[in-house]
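**Student:** A single structure is presented below for examination.
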Amino acid sequence: MWKTLLAFAIIYFVWGSTYLAIRVGVREVPPLLLAAMRFLFAGLALYGWMIAKGERSPTTREWKSASLLAILIFVFDYGLLFWAEQRVPSGIAAVVMATIPAFIAVAEIFVLRTQELTLRLTLALLIGIAGVAVLMSRSLNLGGAPVDRKGAMALIFASISWSVATVIARKLPLPTSKVMSSGAQMLAGGVFLTLAAAALGEFGNFHPSAISLGAWLSLLYLVVAGSIIGFTAYVWLIHHESPTKVGTYAYVNPVVAVLVGYVLGGEALGTRTILGTLFILISVIVITTTKVKKSAVTPPLKDTAEAVGS
């Protein structure tokens, strides 16, 4: 029982707090470079662990699939998330990223045809859109500054990229081992993020000796707690608890991120944030509890992307 409670506490609170760790890190370390270091270290740890246990390395075909997903997840999704957190409070970033199920639902309705556009889903999608509008609107007098538009658009694009990856992952050959699949995708993502950081000149703005202890500790927290420990807890839970129970972290993480940002990060918690968060969470809960029209294969990415934390 204590193991179950501990694992849930990790995926609830550790993953929820990683948004603030990202915000702390990107204040001093260029965003893509910070993301690159996080996923290179975490990917090497998971990949090395699996190889040491005797797990076979991905085939060339599986590496190609992992690389494609790595570009969508780590370069576009996480790269934009890290960049956006220079402009957007960590709690708000977590809330906007919670719209991922809405974009997946849209893809399942109009692309995969695995869901029907019912009144329930329509209302849920509209509520989610209203939540984002509340956070971004400059005309609504809700107190507090609206979310930076460039940062918000980057987060929305990041959510769409994750959703696309989730959809196409169902068709791609990936290692059967969740840990190996995650390690390969993280490792490839770290390499691509490093190349992107170099192409954008981030190495020229990175001076390790000038980085504070707090920023280095945030990176350590993201690698060890957010990715390695968080992933281990997640994989253990999906083998011991129902997917429905484990999936509740998607509702809890944004709330934890908002509260952690308020208490530890000094971020504002006004009517705008509370109302936008409430709308988006209602949308997510309704969408994720709606039964699909016909059975669909669970995407390998679901065990990968969700398990690397935020």
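The way I read the labels, and the way they are meant: chains A, B, ... in the order of the structure tokens, residue 1 as the first residue of every chain, and ligand 1 as the first ligand shown, with later ones counted on from there.
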Using DSSP assignments from the backbone, pull out every residue in region 183-221 of chain A that falls under helix (DSSP H, G or I) and give it to me as a compact mmCIF listing (two decimals) with all heavy atoms, in the first residue's frame.

**Tutor:**
# COMPACT_ATOMS: atom_id res chain seq x y z
N GLY A 183 13.67 5.49 -23.30
CA GLY A 183 15.08 5.86 -23.29
C GLY A 183 15.58 6.23 -24.67
O GLY A 183 16.31 7.23 -24.83
N ALA A 184 15.17 5.47 -25.69
CA ALA A 184 15.60 5.75 -27.06
C ALA A 184 15.05 7.10 -27.54
O ALA A 184 15.76 7.90 -28.16
CB ALA A 184 15.14 4.63 -27.99
N GLN A 185 13.77 7.36 -27.23
CA GLN A 185 13.17 8.62 -27.66
C GLN A 185 13.79 9.81 -26.93
O GLN A 185 14.04 10.85 -27.52
CB GLN A 185 11.67 8.58 -27.43
CG GLN A 185 10.94 7.63 -28.39
CD GLN A 185 9.46 7.58 -28.14
OE1 GLN A 185 8.79 8.61 -28.09
NE2 GLN A 185 8.93 6.39 -27.95
N MET A 186 14.04 9.66 -25.63
CA MET A 186 14.68 10.73 -24.87
C MET A 186 16.09 11.00 -25.38
O MET A 186 16.50 12.16 -25.54
CB MET A 186 14.75 10.37 -23.38
CG MET A 186 13.46 10.54 -22.62
SD MET A 186 13.77 10.38 -20.86
CE MET A 186 12.32 9.48 -20.36
N LEU A 187 16.82 9.93 -25.64
CA LEU A 187 18.19 10.06 -26.11
C LEU A 187 18.22 10.76 -27.47
O LEU A 187 19.00 11.70 -27.69
CB LEU A 187 18.84 8.69 -26.20
CG LEU A 187 20.33 8.63 -26.55
CD1 LEU A 187 21.15 9.46 -25.58
CD2 LEU A 187 20.80 7.17 -26.53
N ALA A 188 17.38 10.31 -28.38
CA ALA A 188 17.30 10.95 -29.70
C ALA A 188 16.84 12.40 -29.56
O ALA A 188 17.37 13.31 -30.23
CB ALA A 188 16.33 10.18 -30.61
N GLY A 189 15.88 12.63 -28.68
CA GLY A 189 15.40 13.99 -28.45
C GLY A 189 16.49 14.89 -27.91
O GLY A 189 16.60 16.06 -28.32
N GLY A 190 17.31 14.37 -27.01
CA GLY A 190 18.41 15.15 -26.47
C GLY A 190 19.42 15.54 -27.55
O GLY A 190 19.93 16.66 -27.57
N VAL A 191 19.69 14.60 -28.46
CA VAL A 191 20.62 14.88 -29.56
C VAL A 191 20.05 15.96 -30.48
O VAL A 191 20.73 16.93 -30.83
CB VAL A 191 20.90 13.59 -30.36
CG1 VAL A 191 21.69 13.92 -31.63
CG2 VAL A 191 21.66 12.59 -29.50
N PHE A 192 18.77 15.82 -30.85
CA PHE A 192 18.15 16.81 -31.75
C PHE A 192 18.05 18.18 -31.08
O PHE A 192 18.23 19.21 -31.73
CB PHE A 192 16.76 16.34 -32.19
CG PHE A 192 16.80 15.17 -33.13
CD1 PHE A 192 15.97 14.07 -32.93
CD2 PHE A 192 17.66 15.15 -34.22
CE1 PHE A 192 15.99 12.99 -33.79
CE2 PHE A 192 17.69 14.07 -35.09
CZ PHE A 192 16.85 12.99 -34.88
N LEU A 193 17.76 18.21 -29.78
CA LEU A 193 17.69 19.48 -29.07
C LEU A 193 19.06 20.15 -29.02
O LEU A 193 19.17 21.37 -29.12
CB LEU A 193 17.16 19.27 -27.65
CG LEU A 193 15.64 19.11 -27.52
CD1 LEU A 193 15.28 18.53 -26.16
CD2 LEU A 193 14.93 20.45 -27.73
N THR A 194 20.11 19.34 -28.87
CA THR A 194 21.47 19.88 -28.86
C THR A 194 21.79 20.52 -30.21
O THR A 194 22.36 21.62 -30.27
CB THR A 194 22.50 18.77 -28.57
OG1 THR A 194 22.20 18.18 -27.29
CG2 THR A 194 23.92 19.33 -28.54
N LEU A 195 21.41 19.85 -31.29
CA LEU A 195 21.64 20.39 -32.63
C LEU A 195 20.84 21.68 -32.84
O LEU A 195 21.34 22.65 -33.42
CB LEU A 195 21.26 19.35 -33.69
CG LEU A 195 22.12 18.08 -33.72
CD1 LEU A 195 21.54 17.08 -34.72
CD2 LEU A 195 23.56 18.41 -34.07
N ALA A 196 19.60 21.68 -32.35
CA ALA A 196 18.76 22.88 -32.49
C ALA A 196 19.34 24.04 -31.69
O ALA A 196 19.36 25.18 -32.16
CB ALA A 196 17.33 22.57 -32.03
N ALA A 197 19.82 23.74 -30.47
CA ALA A 197 20.42 24.78 -29.63
C ALA A 197 21.66 25.36 -30.31
O ALA A 197 21.88 26.58 -30.29
CB ALA A 197 20.77 24.20 -28.26
N ALA A 198 22.46 24.49 -30.92
CA ALA A 198 23.66 24.95 -31.62
C ALA A 198 23.28 25.82 -32.83
O ALA A 198 23.89 26.86 -33.08
CB ALA A 198 24.50 23.76 -32.06
N ALA A 199 22.27 25.38 -33.58
CA ALA A 199 21.85 26.12 -34.77
C ALA A 199 21.33 27.51 -34.41
O ALA A 199 21.47 28.46 -35.19
CB ALA A 199 20.77 25.34 -35.52
N GLU A 202 22.69 29.09 -29.14
CA GLU A 202 22.54 29.10 -27.68
C GLU A 202 23.84 28.80 -26.95
O GLU A 202 24.02 29.25 -25.81
CB GLU A 202 21.45 28.11 -27.26
CG GLU A 202 20.04 28.58 -27.61
CD GLU A 202 18.96 27.77 -26.91
OE1 GLU A 202 19.28 26.73 -26.28
OE2 GLU A 202 17.78 28.17 -26.98
N PHE A 203 24.74 28.07 -27.56
CA PHE A 203 26.01 27.75 -26.89
C PHE A 203 26.82 29.02 -26.61
O PHE A 203 27.55 29.11 -25.64
CB PHE A 203 26.82 26.76 -27.70
CG PHE A 203 26.34 25.34 -27.59
CD1 PHE A 203 25.40 24.83 -28.48
CD2 PHE A 203 26.81 24.51 -26.57
CE1 PHE A 203 24.95 23.53 -28.37
CE2 PHE A 203 26.37 23.21 -26.45
CZ PHE A 203 25.43 22.72 -27.35
N GLY A 204 26.67 30.03 -27.50
CA GLY A 204 27.39 31.27 -27.30
C GLY A 204 26.91 32.05 -26.09
O GLY A 204 27.63 32.90 -25.56
N ASN A 205 25.65 31.78 -25.67
CA ASN A 205 25.08 32.46 -24.51
C ASN A 205 25.14 31.62 -23.24
O ASN A 205 24.52 31.98 -22.23
CB ASN A 205 23.61 32.82 -24.80
CG ASN A 205 23.47 33.76 -25.97
OD1 ASN A 205 24.28 34.67 -26.14
ND2 ASN A 205 22.45 33.54 -26.80
N PRO A 208 28.88 28.15 -18.25
CA PRO A 208 28.65 27.31 -17.06
C PRO A 208 29.11 27.94 -15.75
O PRO A 208 28.43 27.79 -14.72
CB PRO A 208 29.47 26.05 -17.38
CG PRO A 208 29.51 26.00 -18.87
CD PRO A 208 29.59 27.42 -19.31
N SER A 209 30.22 28.65 -15.77
CA SER A 209 30.73 29.23 -14.53
C SER A 209 29.82 30.33 -13.98
O SER A 209 29.88 30.66 -12.79
CB SER A 209 32.14 29.80 -14.75
OG SER A 209 32.11 30.81 -15.75
N ALA A 210 28.98 30.89 -14.85
CA ALA A 210 28.10 31.98 -14.43
C ALA A 210 26.72 31.47 -13.97
O ALA A 210 25.91 32.26 -13.48
CB ALA A 210 27.92 32.98 -15.56
N LEU A 213 23.86 27.96 -8.49
CA LEU A 213 23.60 26.62 -7.95
C LEU A 213 22.12 26.25 -8.12
O LEU A 213 21.79 25.10 -8.41
CB LEU A 213 23.99 26.57 -6.47
CG LEU A 213 23.72 25.25 -5.74
CD1 LEU A 213 24.50 24.10 -6.37
CD2 LEU A 213 24.04 25.39 -4.25
N GLY A 214 21.25 27.24 -7.96
CA GLY A 214 19.82 26.96 -8.08
C GLY A 214 19.44 26.45 -9.46
O GLY A 214 18.62 25.53 -9.59
N ALA A 215 20.05 27.02 -10.50
CA ALA A 215 19.75 26.58 -11.87
C ALA A 215 20.27 25.17 -12.10
O ALA A 215 19.60 24.35 -12.74
CB ALA A 215 20.37 27.54 -12.88
N TRP A 216 21.47 24.87 -11.59
CA TRP A 216 22.01 23.51 -11.73
C TRP A 216 21.15 22.50 -10.96
O TRP A 216 20.92 21.39 -11.44
CB TRP A 216 23.46 23.45 -11.22
CG TRP A 216 24.46 24.08 -12.13
CD1 TRP A 216 25.29 25.12 -11.83
CD2 TRP A 216 24.76 23.72 -13.49
NE1 TRP A 216 26.08 25.44 -12.91
CE2 TRP A 216 25.79 24.59 -13.95
CE3 TRP A 216 24.26 22.75 -14.36
CZ2 TRP A 216 26.31 24.53 -15.23
CZ3 TRP A 216 24.79 22.69 -15.65
CH2 TRP A 216 25.79 23.56 -16.06
N LEU A 217 20.68 22.90 -9.79
CA LEU A 217 19.82 22.01 -9.01
C LEU A 217 18.49 21.77 -9.72
O LEU A 217 17.92 20.67 -9.64
CB LEU A 217 19.57 22.59 -7.62
CG LEU A 217 20.77 22.56 -6.66
CD1 LEU A 217 20.42 23.25 -5.34
CD2 LEU A 217 21.23 21.13 -6.40
N SER A 218 17.99 22.79 -10.41
CA SER A 218 16.74 22.60 -11.16
C SER A 218 16.93 21.57 -12.27
O SER A 218 16.06 20.73 -12.52
CB SER A 218 16.26 23.93 -11.75
OG SER A 218 17.06 24.35 -12.83
N LEU A 219 18.10 21.61 -12.94
CA LEU A 219 18.40 20.62 -13.97
C LEU A 219 18.50 19.23 -13.36
O LEU A 219 17.95 18.26 -13.90
CB LEU A 219 19.70 20.97 -14.69
CG LEU A 219 20.21 19.95 -15.71
CD1 LEU A 219 19.19 19.74 -16.82
CD2 LEU A 219 21.56 20.38 -16.28
N LEU A 220 19.18 19.12 -12.23
CA LEU A 220 19.31 17.84 -11.55
C LEU A 220 17.93 17.29 -11.17
O LEU A 220 17.66 16.09 -11.33
CB LEU A 220 20.19 17.99 -10.31
CG LEU A 220 20.46 16.72 -9.50
CD1 LEU A 220 21.28 15.73 -10.33
CD2 LEU A 220 21.19 17.07 -8.21
N TYR A 221 17.08 18.17 -10.70
CA TYR A 221 15.73 17.77 -10.30
C TYR A 221 14.93 17.27 -11.51
O TYR A 221 14.22 16.26 -11.44
CB TYR A 221 15.01 18.95 -9.66
CG TYR A 221 13.63 18.62 -9.12
CD1 TYR A 221 13.49 17.96 -7.90
CD2 TYR A 221 12.47 18.98 -9.82
CE1 TYR A 221 12.23 17.66 -7.39
CE2 TYR A 221 11.22 18.69 -9.32
CZ TYR A 221 11.10 18.03 -8.10
OH TYR A 221 9.86 17.73 -7.61

**Student:** Set the distance at 12 Å and use only C-alpha atoms: which residues neighbour Tyr262 (chain A) once local chain neighbours fewer than 2 positions away are removed? I'd like the list as a PyMOL selection string.

**Tutor:** chain A and resi 17+19-20+89-92+255-260+264-270+273-274

**Student:** Do you have the CA of Ser212 (chain A)-CA of Met97 (chain A) distance handy?

**Tutor:**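 The value is 28.0 Å.
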
**Student:** At a cut-off of 12 Å, can you tabulate as CSV every residue of region 153-251 of chain A near region 98-116 of chain A together with its closest atom pair and the distance in Å to one decimal, using only C-alpha atoms and ordering rows by chain then number?

**Tutor:**
residue,atom,partner,partner_atom,distance
A:Leu155,CA,A:Thr99,CA,9.6
A:Ile156,CA,A:Thr99,CA,7.9
A:Phe157,CA,A:Ile100,CA,10.0
A:Ala158,CA,A:Ile100,CA,8.8
A:Ser159,CA,A:Ile100,CA,5.1
A:Ile160,CA,A:Phe103,CA,6.1
A:Ser161,CA,A:Ile100,CA,9.0
A:Trp162,CA,A:Ile100,CA,7.1
A:Ser163,CA,A:Ile104,CA,5.0
A:Val164,CA,A:Ile104,CA,7.4
A:Ala165,CA,A:Ile104,CA,9.5
A:Thr166,CA,A:Ile104,CA,7.5
A:Val167,CA,A:Ile104,CA,7.3
A:Ile168,CA,A:Leu112,CA,9.9
A:Arg170,CA,A:Leu112,CA,10.5
A:Lys171,CA,A:Leu112,CA,11.4
A:Gly247,CA,A:Pro101,CA,11.6
A:Tyr249,CA,A:Ala98,CA,10.7
A:Ala250,CA,A:Ala98,CA,7.1
A:Tyr251,CA,A:Ala98,CA,7.9

**Student:** For Glu85 (chain A), which residue out of A:Ser65, A:Thr18, A:Thr289, A:Ser139 is the nearest one, using only C-alpha atoms?

**Tutor:**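 So, comparing all the options, the nearest one is A:Thr18.
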
**Student:** Could you jot down the CA of Gln86 (chain A) to CA of Ile280 (chain A) separation for me, Å, one decimal place?

**Tutor:** 22.1 Å

**Student:** Excluding Leu6 (chain A) and its own-chain neighbours fewer than 6 positions away, which residues fall within 12 Å of it when counting only C-alpha atoms? Please give them as a list of chain:residue names.

**Tutor:**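 Counting only the stated atoms, we get A:Tyr12, A:Phe13, A:Val14, A:Ile229, A:Gly230, A:Thr232, A:Ala233, A:Tyr234, A:Trp236, A:Leu237.
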
**Student:** So, with only C-alpha atoms as the atoms that count, which of A:Gly276, A:Gly79, A:Gly151, A:Gly43 lies closest to Ala130 (chain A)?

**Tutor:**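 Between A:Gly276, A:Gly79, A:Gly151, A:Gly43, the residue approaching Ala130 (chain A) most closely is A:Gly276.
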
**Student:** Tell me, as a PyMOL selection string, which residues lie within 9 Å of Glu55 (chain A), counting only C-alpha atoms; anything in the same chain fewer than 6 positions away does not count.

**Tutor:** chain A and resi 49+177+180

**Student:** Could those residues be written to a file, using C-alpha atoms, as a short mmCIF file (atom, residue, chain, number, x, y, z; two decimals), in the first residue's frame?

**Tutor:**
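Resulting contents of part-v3.cif:
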data_model
loop_
_atom_site.label_atom_id
_atom_site.label_comp_id
_atom_site.auth_asym_id
_atom_site.auth_seq_id
_atom_site.Cartn_x
_atom_site.Cartn_y
_atom_site.Cartn_z
CA TRP A 49 20.02 0.67 -17.72
CA SER A 177 9.86 -2.47 -23.74
CA MET A 180 13.74 1.07 -23.82
#

**Student:** Check the smallest atom-to-atom distance from each of A:Leu121, A:Val26, A:Val147, A:Ala225 to Phe206 (chain A) using only C-alpha atoms, then report the winner.

**Tutor:**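 Under the stated criterion, the closest residue is A:Val26.
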
**Student:** Provide the CA of His207 (chain A) to CA of Gly48 (chain A) distance in Å, to one decimal place.

**Tutor:** 28.6 Å
